[in-house]
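*Asks:* Enclosed is the structure file query-v7.txt (compact mmCIF, C-alpha atoms).
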```txt
# COMPACT_ATOMS: atom_id res chain seq x y z
CA MET A 1 0.00 0.00 0.00
CA ASN A 2 1.48 3.34 -1.04
CA LYS A 3 2.01 5.30 2.16
CA MET A 4 1.40 8.82 0.92
CA THR A 5 -1.35 8.22 -1.66
CA LEU A 6 -3.87 6.47 0.54
CA CYS A 7 -7.35 7.41 -0.58
CA ASN A 8 -10.42 7.08 1.59
CA GLU A 9 -11.49 3.90 -0.20
CA ASN A 10 -8.12 2.24 0.43
CA LEU A 11 -8.25 3.33 4.06
CA THR A 12 -11.78 2.01 4.48
CA ASN A 13 -10.80 -1.38 3.03
CA PHE A 14 -7.76 -1.47 5.29
CA PHE A 15 -9.79 -0.58 8.38
CA GLU A 16 -12.33 -3.28 7.59
CA SER A 17 -9.60 -5.90 7.48
CA LEU A 18 -7.80 -4.71 10.60
CA HIS A 19 -9.79 -6.57 13.20
CA LYS A 20 -10.29 -9.78 11.25
CA GLU A 21 -7.09 -10.87 12.93
CA GLU A 22 -7.15 -11.48 16.62
CA TRP A 23 -5.83 -8.65 18.78
CA ARG A 24 -4.84 -9.42 22.36
CA GLU A 25 -4.28 -7.35 25.47
CA VAL A 26 -0.69 -7.31 26.71
CA ARG A 27 1.11 -5.42 29.45
CA LEU A 28 3.79 -2.93 28.53
CA GLY A 29 6.20 -4.98 30.62
CA GLU A 30 5.62 -7.92 28.25
CA VAL A 31 6.60 -6.09 25.04
CA GLY A 32 9.96 -4.79 26.18
CA LYS A 33 12.32 -3.90 28.97
CA VAL A 34 11.32 -0.77 30.90
CA ILE A 35 14.17 1.52 31.95
CA THR A 36 13.73 4.50 34.27
CA GLY A 37 16.29 7.22 33.67
CA LYS A 38 18.49 9.03 36.14
CA THR A 39 20.24 12.42 36.38
CA PRO A 40 23.96 12.54 37.26
CA SER A 41 24.66 13.62 40.81
CA GLN A 42 26.01 17.07 41.61
CA ASN A 43 28.87 15.18 43.26
CA ASN A 44 29.96 13.87 39.85
CA PRO A 45 30.18 16.89 37.53
CA GLN A 46 32.60 14.90 35.38
CA ASP A 47 29.61 12.84 34.17
CA TRP A 48 28.64 15.73 31.89
CA GLY A 49 30.39 15.97 28.55
CA ASP A 50 29.71 15.49 24.85
CA SER A 51 29.63 11.73 24.24
CA MET A 52 25.96 10.74 24.50
CA LEU A 53 22.57 12.51 24.47
CA PHE A 54 20.95 13.14 27.84
CA ILE A 55 17.25 13.43 27.04
CA THR A 56 14.65 15.13 29.23
CA PRO A 57 10.96 15.83 28.43
CA THR A 58 11.85 19.38 27.34
CA ASP A 59 13.83 17.87 24.45
CA TYR A 60 10.69 16.51 22.82
CA LYS A 61 6.99 17.22 22.74
CA ASN A 62 3.98 15.07 22.00
CA TYR A 63 3.77 14.32 18.30
CA CYS A 64 7.28 15.56 17.70
CA LYS A 65 8.06 11.93 17.03
CA TYR A 66 11.83 11.77 17.32
CA ALA A 67 14.09 12.81 20.17
CA SER A 68 17.25 13.37 18.16
CA ASP A 69 18.95 16.16 20.11
CA SER A 70 19.27 17.38 23.66
CA ALA A 71 20.38 20.42 25.62
CA ARG A 72 22.94 18.40 27.60
CA LYS A 73 25.17 15.42 26.96
CA ILE A 74 26.94 12.76 29.04
CA SER A 75 30.72 12.18 29.12
CA ASN A 76 32.41 8.83 28.49
CA GLU A 77 32.88 8.50 32.25
CA GLY A 78 29.18 9.18 32.77
CA VAL A 79 28.24 6.64 30.12
CA ASP A 80 30.32 4.03 31.96
CA ARG A 81 28.67 4.94 35.27
CA PHE A 82 25.16 4.72 33.79
CA SER A 83 25.78 1.82 31.41
CA ARG A 84 22.77 -0.10 32.80
CA ILE A 85 20.34 2.59 31.62
CA VAL A 86 21.81 3.36 28.21
CA LEU A 87 19.00 3.09 25.65
CA PRO A 88 19.60 1.67 22.18
CA PRO A 89 18.16 3.44 19.13
CA ASN A 90 14.40 3.07 18.59
CA SER A 91 13.51 2.86 22.26
CA VAL A 92 10.16 4.48 23.08
CA LEU A 93 10.29 7.27 25.69
CA VAL A 94 7.30 8.21 27.84
CA THR A 95 7.22 11.10 30.33
CA CYS A 96 5.84 9.69 33.59
CA ILE A 97 6.35 12.56 36.08
CA GLY A 98 4.92 16.06 36.22
CA SER A 99 2.74 18.23 34.04
CA ASP A 100 4.16 16.74 30.81
CA MET A 101 2.85 13.30 31.71
CA GLY A 102 2.19 11.20 28.63
CA LYS A 103 4.53 12.83 26.13
CA VAL A 104 5.96 10.17 23.82
CA ALA A 105 9.01 10.06 21.55
CA ILE A 106 11.46 7.67 19.89
CA ASN A 107 15.20 8.13 20.30
CA LYS A 108 17.11 7.73 17.04
CA VAL A 109 20.55 7.25 18.60
CA GLN A 110 21.88 5.82 21.85
CA ALA A 111 20.83 7.96 24.81
CA ILE A 112 20.36 8.27 28.54
CA THR A 113 17.25 9.93 29.99
CA ASN A 114 16.44 11.61 33.27
CA GLN A 115 14.19 10.12 35.94
CA GLN A 116 11.03 11.72 34.49
CA ILE A 117 11.08 9.21 31.66
CA ASN A 118 10.23 5.53 31.54
CA ALA A 119 11.63 4.09 28.32
CA ILE A 120 10.71 0.80 26.67
CA ILE A 121 13.32 -1.19 24.77
CA PRO A 122 10.99 -3.21 22.51
CA ASN A 123 11.41 -6.97 22.13
CA ASN A 124 10.59 -9.06 19.06
CA MET A 125 6.89 -9.15 19.92
CA ILE A 126 6.29 -5.61 18.79
CA ASN A 127 7.17 -3.10 16.09
CA TYR A 128 8.69 -0.06 17.81
CA ASN A 129 6.69 2.34 15.65
CA PHE A 130 3.48 0.49 16.46
CA LEU A 131 4.37 0.76 20.16
CA TYR A 132 4.94 4.49 19.75
CA TYR A 133 1.51 5.02 18.17
CA SER A 134 -0.18 2.80 20.75
CA LEU A 135 1.22 5.02 23.50
CA VAL A 136 0.29 8.20 21.63
CA ASP A 137 -3.28 6.85 21.49
CA MET A 138 -3.05 6.17 25.23
CA TYR A 139 -2.21 9.85 25.93
CA PRO A 140 -5.63 10.71 27.52
CA ILE A 141 -5.25 7.76 29.91
CA LEU A 142 -1.70 8.75 30.82
CA ARG A 143 -2.84 12.34 31.39
CA ILE A 144 -5.18 11.12 34.13
CA PHE A 145 -2.09 10.33 36.18
CA GLY A 146 -0.91 13.90 35.54
CA THR A 147 -4.08 15.48 36.96
CA ASP A 148 -4.68 13.37 40.05
CA GLY A 149 -4.31 16.31 42.42
CA THR A 150 -0.91 15.34 43.81
CA ALA A 151 1.81 17.96 44.06
CA VAL A 152 4.08 16.07 41.66
CA PRO A 153 2.02 13.51 39.72
CA ILE A 154 3.95 10.33 39.00
CA LEU A 155 3.44 7.03 37.21
CA ASN A 156 6.03 4.70 38.71
CA LYS A 157 7.78 1.93 36.84
CA ASN A 158 5.65 -0.93 38.22
CA ASP A 159 2.36 0.81 37.40
CA PHE A 160 3.69 1.80 33.98
CA GLU A 161 4.67 -1.79 33.21
CA SER A 162 1.16 -2.91 34.18
CA LEU A 163 -0.60 -0.68 31.64
CA THR A 164 -2.07 -2.66 28.75
CA ILE A 165 -2.25 -2.14 25.01
CA SER A 166 -4.00 -4.08 22.23
CA LEU A 167 -1.52 -6.06 20.17
CA PRO A 168 -2.33 -7.45 16.70
CA PRO A 169 -0.13 -9.98 14.87
CA LEU A 170 3.24 -8.59 13.80
CA PRO A 171 2.36 -8.28 10.06
CA ILE A 172 -0.61 -6.05 10.99
CA GLN A 173 1.59 -4.05 13.37
CA ASN A 174 4.08 -3.47 10.55
CA GLN A 175 1.33 -2.32 8.20
CA ILE A 176 -0.14 0.08 10.75
CA ALA A 177 3.30 1.44 11.61
CA GLU A 178 4.10 1.97 7.91
CA ILE A 179 0.90 3.91 7.23
CA LEU A 180 1.12 6.16 10.28
CA SER A 181 4.87 6.69 9.91
CA SER A 182 4.32 7.92 6.35
CA PHE A 183 2.48 10.94 7.72
CA ASP A 184 5.11 11.69 10.37
CA ASP A 185 7.97 11.24 7.91
CA LYS A 186 6.41 13.83 5.60
CA ILE A 187 5.69 16.13 8.56
CA ASP A 188 9.30 15.79 9.73
CA LEU A 189 10.57 16.62 6.23
CA LEU A 190 8.42 19.77 6.07
CA HIS A 191 9.58 20.84 9.55
CA ARG A 192 13.20 20.45 8.46
CA GLN A 193 12.51 22.42 5.29
CA ASN A 194 11.03 25.20 7.39
CA GLN A 195 14.01 25.19 9.73
CA THR A 196 16.27 25.67 6.71
CA LEU A 197 14.06 28.45 5.34
CA GLU A 198 13.99 30.18 8.74
CA SER A 199 17.78 29.98 8.94
CA LEU A 200 18.11 31.47 5.44
CA ALA A 201 15.68 34.26 6.29
CA LEU A 202 17.63 35.12 9.45
CA THR A 203 20.90 35.08 7.48
CA LEU A 204 19.29 37.44 4.95
CA PHE A 205 18.20 39.75 7.77
CA ARG A 206 21.69 39.85 9.28
CA HIS A 207 23.25 40.49 5.88
CA HIS A 208 20.99 43.49 5.23
CA PHE A 209 20.71 44.98 8.72
CA ILE A 210 23.54 43.79 10.96
CA GLU A 211 26.51 43.54 8.61
CA ASN A 212 25.49 46.50 6.43
CA PRO A 213 28.24 49.17 6.56
CA ASN A 214 25.59 51.91 6.23
CA CYS A 215 23.61 50.84 9.30
CA ASN A 216 25.19 53.48 11.55
CA GLU A 217 23.54 56.14 9.41
CA TRP A 218 20.04 54.75 9.93
CA GLU A 219 17.39 56.28 12.20
CA LYS A 220 17.61 55.37 15.87
CA THR A 221 14.12 54.48 17.04
CA THR A 222 12.14 51.96 19.13
CA LEU A 223 9.73 49.15 18.43
CA GLU A 224 6.85 51.34 19.59
CA ASN A 225 7.59 53.84 16.81
CA ILE A 226 7.22 51.24 14.05
CA CYS A 227 4.09 49.59 15.47
CA LEU A 228 0.46 50.67 15.64
CA LYS A 229 -0.10 48.76 18.88
CA ILE A 230 1.97 46.86 21.43
CA GLN A 231 -0.01 45.26 24.26
CA SER A 232 -0.06 42.16 26.43
CA GLY A 233 -2.93 39.69 26.46
CA GLY A 234 -5.13 38.27 29.18
CA THR A 235 -6.79 35.11 30.44
CA PRO A 236 -10.55 34.76 31.01
CA SER A 237 -11.41 33.21 34.37
CA THR A 238 -11.19 29.43 34.13
CA LYS A 239 -13.95 29.21 36.74
CA GLN A 240 -16.45 30.51 34.20
CA HIS A 241 -17.17 27.68 31.77
CA SER A 242 -19.12 30.05 29.53
CA TYR A 243 -15.88 31.89 28.77
CA TYR A 244 -14.41 28.89 26.92
CA GLY A 245 -15.42 26.72 23.99
CA GLY A 246 -16.20 29.59 21.63
CA ASN A 247 -14.82 30.42 18.20
CA ILE A 248 -12.07 32.91 19.15
CA ASN A 249 -8.54 31.50 18.99
CA TRP A 250 -6.75 32.08 22.31
CA TYR A 251 -3.07 31.15 22.51
CA SER A 252 -0.83 30.33 25.46
CA THR A 253 2.92 30.92 25.27
CA LYS A 254 3.65 27.19 25.00
CA GLU A 255 2.12 27.41 21.51
CA LEU A 256 4.69 29.98 20.42
CA ASN A 257 7.52 28.19 18.63
CA ASP A 258 8.63 30.77 16.03
CA ASN A 259 5.67 29.62 13.97
CA PHE A 260 2.61 30.71 12.06
CA LEU A 261 -0.42 30.34 14.36
CA PHE A 262 -3.40 28.71 12.64
CA LYS A 263 -5.52 27.20 15.41
CA SER A 264 -5.12 27.41 19.18
CA ILE A 265 -5.46 24.54 21.62
CA GLN A 266 -8.19 26.46 23.46
CA GLN A 267 -10.83 28.83 22.14
CA ILE A 268 -12.74 31.47 24.08
CA THR A 269 -16.17 33.07 23.68
CA ASP A 270 -17.13 36.69 23.13
CA GLU A 271 -18.26 36.71 26.76
CA GLY A 272 -14.82 35.54 27.89
CA LEU A 273 -13.12 38.16 25.75
CA ASN A 274 -15.33 40.99 27.02
CA ASN A 275 -14.94 40.02 30.68
CA SER A 276 -11.16 39.74 30.79
CA SER A 277 -8.05 41.63 29.80
CA ALA A 278 -7.71 39.46 26.69
CA LYS A 279 -7.70 41.49 23.46
CA LEU A 280 -8.24 40.71 19.80
CA PHE A 281 -5.20 41.22 17.59
CA PRO A 282 -5.45 41.27 13.80
CA LYS A 283 -4.00 38.84 11.28
CA ASP A 284 -0.21 39.30 10.75
CA SER A 285 0.39 40.49 14.33
CA VAL A 286 3.71 39.29 15.77
CA ILE A 287 3.38 37.65 19.19
CA ILE A 288 6.30 37.33 21.63
CA ALA A 289 6.45 35.41 24.93
CA ILE A 290 7.53 37.72 27.75
CA TYR A 291 7.30 35.51 30.87
CA ALA A 292 9.81 33.04 32.27
CA SER A 293 12.43 30.76 30.83
CA PRO A 294 12.46 28.82 28.55
CA THR A 295 9.71 30.57 26.61
CA VAL A 296 10.93 34.21 26.80
CA GLY A 297 11.45 35.51 23.30
CA ARG A 298 9.61 32.76 21.44
CA LEU A 299 7.54 34.12 18.58
CA GLY A 300 4.44 33.52 16.52
CA ILE A 301 2.57 35.19 13.66
CA LEU A 302 -1.23 35.25 13.69
CA THR A 303 -2.92 33.96 10.55
CA GLN A 304 -6.31 35.25 11.69
CA GLU A 305 -7.76 37.59 14.31
CA SER A 306 -6.97 36.03 17.71
CA ALA A 307 -6.28 36.58 21.41
CA PHE A 308 -3.58 35.28 23.76
CA ASN A 309 -2.69 35.17 27.45
CA GLN A 310 -0.94 37.76 29.60
CA ALA A 311 2.42 35.97 29.28
CA ALA A 312 2.65 37.20 25.70
CA CYS A 313 2.82 40.58 24.01
CA GLY A 314 1.37 41.41 20.59
CA LEU A 315 2.89 43.81 18.07
CA VAL A 316 0.76 45.23 15.27
CA VAL A 317 3.32 46.45 12.74
CA ASP A 318 2.84 49.76 10.92
CA GLU A 319 3.27 48.56 7.33
CA THR A 320 4.14 52.08 6.16
CA LYS A 321 7.29 51.95 8.29
CA SER A 322 8.23 48.28 8.44
CA SER A 323 6.84 44.75 8.01
CA LYS A 324 5.95 41.71 10.07
CA GLU A 325 8.90 39.87 8.50
CA PHE A 326 11.35 42.57 9.60
CA VAL A 327 9.95 42.74 13.16
CA PHE A 328 9.80 38.94 13.50
CA LEU A 329 13.42 38.48 12.39
CA PHE A 330 14.58 41.46 14.42
CA LEU A 331 13.09 39.97 17.60
CA LYS A 332 14.47 36.53 16.78
CA ASN A 333 17.93 37.97 16.21
CA GLU A 334 17.68 39.84 19.54
CA ARG A 335 16.51 36.81 21.53
CA GLU A 336 19.70 36.42 23.52
CA ASN A 337 19.68 40.10 24.48
CA LEU A 338 15.99 39.93 25.34
CA ASN A 339 16.66 37.00 27.65
CA LEU A 340 19.48 38.93 29.31
CA LEU A 341 17.08 41.83 29.78
CA ALA A 342 14.52 39.49 31.30
CA SER A 343 17.05 37.83 33.61
CA GLY A 344 17.83 41.23 35.13
CA SER A 345 14.36 41.41 36.68
CA ALA A 346 13.24 39.70 39.88
CA GLN A 347 10.97 37.23 38.08
CA GLN A 348 13.08 36.93 34.92
CA ASN A 349 10.29 38.38 32.79
CA LEU A 350 10.00 41.02 30.13
CA ASN A 351 7.13 43.50 30.16
CA VAL A 352 5.25 45.60 27.64
CA GLU A 353 7.22 48.77 28.40
CA LYS A 354 10.53 47.02 27.80
CA ILE A 355 9.24 45.79 24.45
CA LYS A 356 7.90 49.22 23.49
CA ASN A 357 11.16 50.97 24.35
CA TYR A 358 13.44 48.34 22.84
CA PRO A 359 15.88 50.20 20.54
CA LEU A 360 16.55 49.48 16.89
CA LEU A 361 18.05 51.09 13.80
CA LEU A 362 15.38 51.63 11.15
CA PRO A 363 16.86 51.12 7.66
CA ASP A 364 16.17 53.40 4.75
CA LYS A 365 13.11 52.57 2.64
CA GLU A 366 15.10 51.29 -0.34
CA THR A 367 17.03 48.78 1.77
CA LEU A 368 13.89 47.72 3.62
CA ASP A 369 11.87 47.26 0.40
CA TYR A 370 14.64 45.20 -1.22
CA PHE A 371 14.85 42.98 1.87
CA GLN A 372 11.07 42.67 1.99
CA ILE A 373 10.83 41.27 -1.55
CA GLN A 374 13.27 38.49 -0.65
CA ALA A 375 11.98 37.82 2.88
CA LYS A 376 8.36 37.50 1.77
CA GLY A 377 9.30 34.59 -0.47
CA PHE A 378 10.78 32.71 2.50
CA PHE A 379 7.84 33.47 4.77
CA ASP A 380 5.24 32.51 2.14
CA LYS A 381 6.92 29.12 1.66
CA ILE A 382 7.15 28.58 5.43
CA SER A 383 3.45 29.40 5.76
CA HIS A 384 2.55 27.02 2.91
CA ASN A 385 4.55 24.21 4.53
CA ALA A 386 2.94 24.94 7.90
CA LYS A 387 -0.53 24.60 6.37
CA GLU A 388 0.47 21.30 4.80
CA ILE A 389 1.84 20.10 8.15
CA LEU A 390 -1.48 20.96 9.81
CA ALA A 391 -3.45 19.03 7.17
CA LEU A 392 -1.15 16.00 7.49
CA GLU A 393 -1.42 16.07 11.29
CA GLN A 394 -5.20 16.12 11.10
CA MET A 395 -5.26 13.19 8.68
CA ARG A 396 -2.75 11.25 10.76
CA ASP A 397 -4.85 11.82 13.89
CA LEU A 398 -7.97 10.63 12.06
CA VAL A 399 -6.26 7.47 10.85
CA LEU A 400 -4.71 6.78 14.27
CA SER A 401 -8.06 7.21 16.00
CA LYS A 402 -9.77 4.91 13.50
CA ILE A 403 -7.15 2.22 13.97
CA PHE A 404 -7.33 2.25 17.77
CA ASN A 405 -10.97 3.25 18.15
CA GLU A 406 -13.46 1.39 15.97
CA LYS A 407 -16.27 3.84 16.79
CA MET A 408 -14.88 6.47 14.39
CA GLU A 409 -16.11 6.22 10.80
CA VAL A 410 -14.18 7.08 7.66
CA ARG A 411 -16.35 7.36 4.55
CA SER A 412 -15.10 7.06 1.00
CA GLU A 413 -16.03 9.91 -1.34
```
Please rewrite the model in this file as structure tokens.

*Replies:*
Amino acid sequence: MNKMTLCNENLTNFFESLHKEEWREVRLGEVGKVITGKTPSQNNPQDWGDSMLFITPTDYKNYCKYASDSARKISNEGVDRFSRIVLPPNSVLVTCIGSDMGKVAINKVQAITNQQINAIIPNNMINYNFLYYSLVDMYPILRIFGTDGTAVPILNKNDFESLTISLPPLPIQNQIAEILSSFDDKIDLLHRQNQTLESLALTLFRHHFIENPNCNEWEKTTLENICLKIQSGGTPSTKQHSYYGGNINWYSTKELNDNFLFKSIQQITDEGLNNSSAKLFPKDSVIIAIYASPTVGRLGILTQESAFNQAACGLVVDETKSSKEFVFLFLKNERENLNLLASGSAQQNLNVEKIKNYPLLLPDKETLDYFQIQAKGFFDKISHNAKEILALEQMRDLVLSKIFNEKMEVRSE
């Protein structure tokens, strides 16, 4: 079956054949060896180095399938010390402590994880990709452990090993894994394309505005002077159910990842908007996170009129003076300085006044227009890829739900 040209009729035929084979319930402990990670002790600083990835939940997010990089690495000495918990490639990692409970990823190279992660080294009973998607489907169940009211919610190794999944024969597992992986492989390719495009756009910005020998002659101004509005957002009271579930996109800072913003995780109602400090910002507004590491300085661009929480600040660019592309890349280029500015405050936050008064050199119109022609091409391609990613994610989710939940229907057209 061609992975990327599956039509609804092919999917329907596949779904109808799925459960003709016998599926059986098995414990996670039966399909692989479960390893709980560990963080090197402060007494052994020599365990840190550059030999092996040290993966924590912040190094991956749900549906970012692969954990292929990390903020920290382990030394050769540390690898020797923790040899019993070294994970081979294609182990499946599940966050089992804290608010990120249930996040799932696959490591592509040897790695060690911290104690927040229970990892499964699959045996020959199961396809590792099938195991990954089974655990992704189990996310709502795993989240229950993350909202049980305890101060630090935890799913310990024994309880984790006792969780059950439905296991079809290996040929069916392989087929399911192939179909679902086709979506994620395409999504991963588009993400990598966008990372390259973003890097090229930032290089273009630096070429025109940082390395330009004429920049010292440009006008000294502030962000406020090239924007029509700069304001923070707000959060409707979560105690009022009528404030949520509407048709107004409302973003939290965790959704800001230097990306175009198409649809928020939560939506609010007109009532929620009118009874809070939340504000509507127009399409093409640039949004920046202003509260707390590690989100300070992360950016987004609205693709439709939307609102966001008080931990973010919106900038409506005056198109007669600048552009969203210029402001976005300027803020991205200044991220390190913005974080230094935030770290100088008691709570390590930025605020609206600091954003308004942030200095910049405004280039002459000819330079800005020339840059804009080139930058727009990059941003349009990034936006197109982002839309395609969203469509693929929705289709993947539909197929995954159908495979693991027979109640969902897929009709051929």

*Asks:* Measuring between all atoms listed in the file, which one of A:Glu198, A:Asp284, A:Glu219, A:Asp100 shows the shortest distance to Ala375 of chain A?

*Replies:*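 Smallest distance to Ala375 of chain A is found for A:Glu198.
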
*Asks:* Closest to Thr36 of chain A among A:Ile117, A:Cys64, A:Ala201, A:Ile112, using only C-alpha atoms?

*Replies:* A:Ile117

*Asks:* Restricting the calculation to only C-alpha atoms, which member of A:Gly297, A:Gly246, A:Gly98, A:Pro213 is positioned closest to Glu334 of chain A?

*Replies:*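 Using only C-alpha atoms, Glu334 of chain A sits closest to A:Gly297.
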
*Asks:* Could you tell me how far atom CA of Ser181 of chain A sits from atom CA of Phe260 of chain A, in Å to one decimal place?

*Replies:* 24.2 Å

*Asks:* Interatomic distance between atom CA of Gly300 of chain A and atom CA of Tyr251 of chain A?

*Replies:*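 Interatomic distance here is 9.9 Å.
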